[in-house]
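Have a look at the structure below, then the notes.
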Amino acid sequence: MNAFDVHANAFFFDEQKKVIYLSFRDISRVIKISYPDGKVLATYGERFKSGYAETGKGLFCGQHSIRLSDRGLMYLYNNNVCNDSALPNLVMMKEPAQDKGELKKIWEYECNLDGIKEHKQLTAGFTSGGNVVEMPDHSIFASMSSPYGKVFIVSQDRNVLWSAASEQWSRYTRKWEMLQLYRASIITNRSNLEQLIRGEDVK
């Protein structure tokens with residue numbers, strides 16, 4: 001039997017409902033598990049099993065950063081690696097009732113390369129990294145995956161509120177070059193910023 005790396009790359013713990021969401025990048029699958037008994041409640045994504053129909057419906061492929069929104073919607077960074085040269089997108093989905101059935105796409109935003117000077121590596125795909133975080137006003141902070149270092153905030157009506165390209169100074173080329181990001185975080189309130197400045201753990 002050949003070993004296959006499914007590459008678990010993200011999880012989210014819903015403390016109130018005692019449920020863990022576990023993301024596997026290389027099989028484009030998300031598994032919902034009850035805690036602490038470990039019972040599998042649902043699986044979302046592709047089955048990759050002979051005789052079974054694919055169930056992902058193209059909602060995500062090679063995904064990262066699985067989370068639940070304040071409204072209880074599952075959302076993630078879809079690297080979209082199943083579609084050649086396609087850009088990643090941000091997807092929010094509603095789970096089926098009683099954990100049976102299929103996910104339903106509620107909201108989507110396609111990432112773009114606006115503000116990026118060089119697009120040469122687009123055909124290499126977006127296989128590594130990328131993440132999303134819901135902001136207090138329900139807008140979404142996102143970090144695009146390698147090879148690009150773009151970070152941005154987009155509203156629920158798909159308006160870009162802020163966008164930046166991460167760069168670093170190269171002492172070898174003597175110019176600013178793109179900083180490749182795996183993921184990025186954001187501080188959403190003054191209290192947490194002050195905690196960070198004081199060297200305290202941010203909760």
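Residues are named by chain letter and number: chains run A, B, ... in the order of the structure tokens, numbers start at 1 in each chain, and ligands are numbered from 1 in the order shown.
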
Practice item. Report as a list in words: the residues of chain A with a DSSP assignment of alpha helix (DSSP H), based on the backbone of this structure. Key: Arg190, Ser191, Asn192, Leu193, Glu194, Gln195, Leu196, Ile197 and Arg198 of chain A

Go ahead and save the picked residues with N, CA and C atoms, as a PDB file, in the first residue's frame.
ATOM      1  N   ARG A 190      -7.852  48.269  19.312  1.00  0.00           N
ATOM      2  CA  ARG A 190      -6.799  49.000  20.008  1.00  0.00           C
ATOM      3  C   ARG A 190      -6.279  48.243  21.234  1.00  0.00           C
ATOM      4  N   SER A 191      -7.182  47.554  21.932  1.00  0.00           N
ATOM      5  CA  SER A 191      -6.788  46.830  23.139  1.00  0.00           C
ATOM      6  C   SER A 191      -5.733  45.779  22.824  1.00  0.00           C
ATOM      7  N   ASN A 192      -5.948  45.002  21.754  1.00  0.00           N
ATOM      8  CA  ASN A 192      -4.979  43.979  21.376  1.00  0.00           C
ATOM      9  C   ASN A 192      -3.669  44.590  20.911  1.00  0.00           C
ATOM     10  N   LEU A 193      -3.749  45.748  20.242  1.00  0.00           N
ATOM     11  CA  LEU A 193      -2.525  46.434  19.811  1.00  0.00           C
ATOM     12  C   LEU A 193      -1.695  46.858  21.016  1.00  0.00           C
ATOM     13  N   GLU A 194      -2.355  47.389  22.031  1.00  0.00           N
ATOM     14  CA  GLU A 194      -1.639  47.814  23.225  1.00  0.00           C
ATOM     15  C   GLU A 194      -1.032  46.628  23.970  1.00  0.00           C
ATOM     16  N   GLN A 195      -1.754  45.504  23.983  1.00  0.00           N
ATOM     17  CA  GLN A 195      -1.207  44.291  24.598  1.00  0.00           C
ATOM     18  C   GLN A 195       0.069  43.850  23.891  1.00  0.00           C
ATOM     19  N   LEU A 196       0.039  43.916  22.550  1.00  0.00           N
ATOM     20  CA  LEU A 196       1.211  43.517  21.770  1.00  0.00           C
ATOM     21  C   LEU A 196       2.387  44.434  22.060  1.00  0.00           C
ATOM     22  N   ILE A 197       2.129  45.730  22.150  1.00  0.00           N
ATOM     23  CA  ILE A 197       3.200  46.694  22.425  1.00  0.00           C
ATOM     24  C   ILE A 197       3.809  46.441  23.807  1.00  0.00           C
ATOM     25  N   ARG A 198       2.962  46.070  24.774  1.00  0.00           N
ATOM     26  CA  ARG A 198       3.442  45.794  26.136  1.00  0.00           C
ATOM     27  C   ARG A 198       4.080  44.403  26.255  1.00  0.00           C
TER      28      ARG A 198
END

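Summary of the local environment: counting only C-alpha atoms, residues at most 12 Å from A:Gln16, other than itself and those fewer than 6 positions away along its chain, are Ser34, Tyr35, Leu68 and Gly72 of chain A.
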
Exercise for review: Among the residues of stretch 44-105 of chain A, find those DSSP assigns to strand (DSSP E or B) from the backbone and print them as an MDAnalysis selection string.
Suggested key: chainID A and resid 44:45 64:68 74:78 89:94 104:105

**Study point:** A:Tyr75 environment, 7 Å, only C-alpha atoms, sequence neighbours closer than 2 positions dropped, as a ChimeraX atom specification
**Key:** /A:66-69,73,91-93

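Here atom CA of A:Asn78 is placed at a distance of 9.9 Å from atom CA of A:Cys111.
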
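Atom pair atom CA of A:Ser145 / atom CA of A:Pro96 has a distance of 29.0 Å (rounded to one decimal).
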
With the cut-off set at 12 Å and counting only C-alpha atoms, tabulate each residue of stretch 148-188 of chain A with an atom at most that distance from an atom of stretch 131-135 of chain A, showing the nearest atom pair and its distance in Å to one decimal, ordered by chain and increasing number, as a Markdown table.
| residue | atom | partner | partner_atom | distance |
| --- | --- | --- | --- | --- |
| A:Gly149 | CA | A:Asn131 | CA | 11.7 |
| A:Lys150 | CA | A:Asn131 | CA | 11.2 |
| A:Val151 | CA | A:Asn131 | CA | 9.6 |
| A:Phe152 | CA | A:Val132 | CA | 9.8 |
| A:Ile153 | CA | A:Met135 | CA | 8.8 |
| A:Val154 | CA | A:Met135 | CA | 9.8 |
| A:Ser155 | CA | A:Met135 | CA | 9.5 |
| A:Gln156 | CA | A:Glu134 | CA | 10.3 |
| A:Leu161 | CA | A:Met135 | CA | 11.9 |
| A:Leu181 | CA | A:Asn131 | CA | 10.0 |
| A:Tyr182 | CA | A:Asn131 | CA | 8.2 |
| A:Arg183 | CA | A:Asn131 | CA | 5.6 |
| A:Ala184 | CA | A:Asn131 | CA | 7.1 |
| A:Ser185 | CA | A:Val133 | CA | 7.8 |
| A:Ile186 | CA | A:Val133 | CA | 8.1 |
| A:Ile187 | CA | A:Met135 | CA | 9.5 |
| A:Thr188 | CA | A:Met135 | CA | 6.9 |

Exercise for review: Name all residues at most 9 Å from A:Ser28 (count only C-alpha atoms; drop same-chain ones fewer than 6 positions away) and give them as a PyMOL selection string.
Suggested key: chain A and resi 6+44-47+56+60-63

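Separating atom CA of A:Asn9 from atom CA of A:Ser65 is a distance of 7.7 Å.
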
Check your understanding: Can you list, as a PyMOL selection string, every protein, DNA or RNA residue that comes within 9 Å of A:Glu95 when you count only C-alpha atoms, leaving out same-chain residues fewer than 3 positions away?
Key -> chain A and resi 72-74+98-104

Check your understanding: So which residues touch A:Leu90 within 6 Å, counting only C-alpha atoms, skipping near sequence neighbours fewer than 2 positions away, as a PyMOL selection string?
Key -> chain A and resi 77-78+108-109

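In this comparison, which uses only C-alpha atoms, the residue of A:Tyr21, A:Trp107, A:Trp176, A:Tyr148 approaching A:Gly38 most closely is A:Tyr21.
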
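With only C-alpha atoms as the basis for measurement, A:Glu110 is the residue among A:Asp157, A:Asp70, A:Glu110, A:Asp201 that approaches A:Leu87 most closely.
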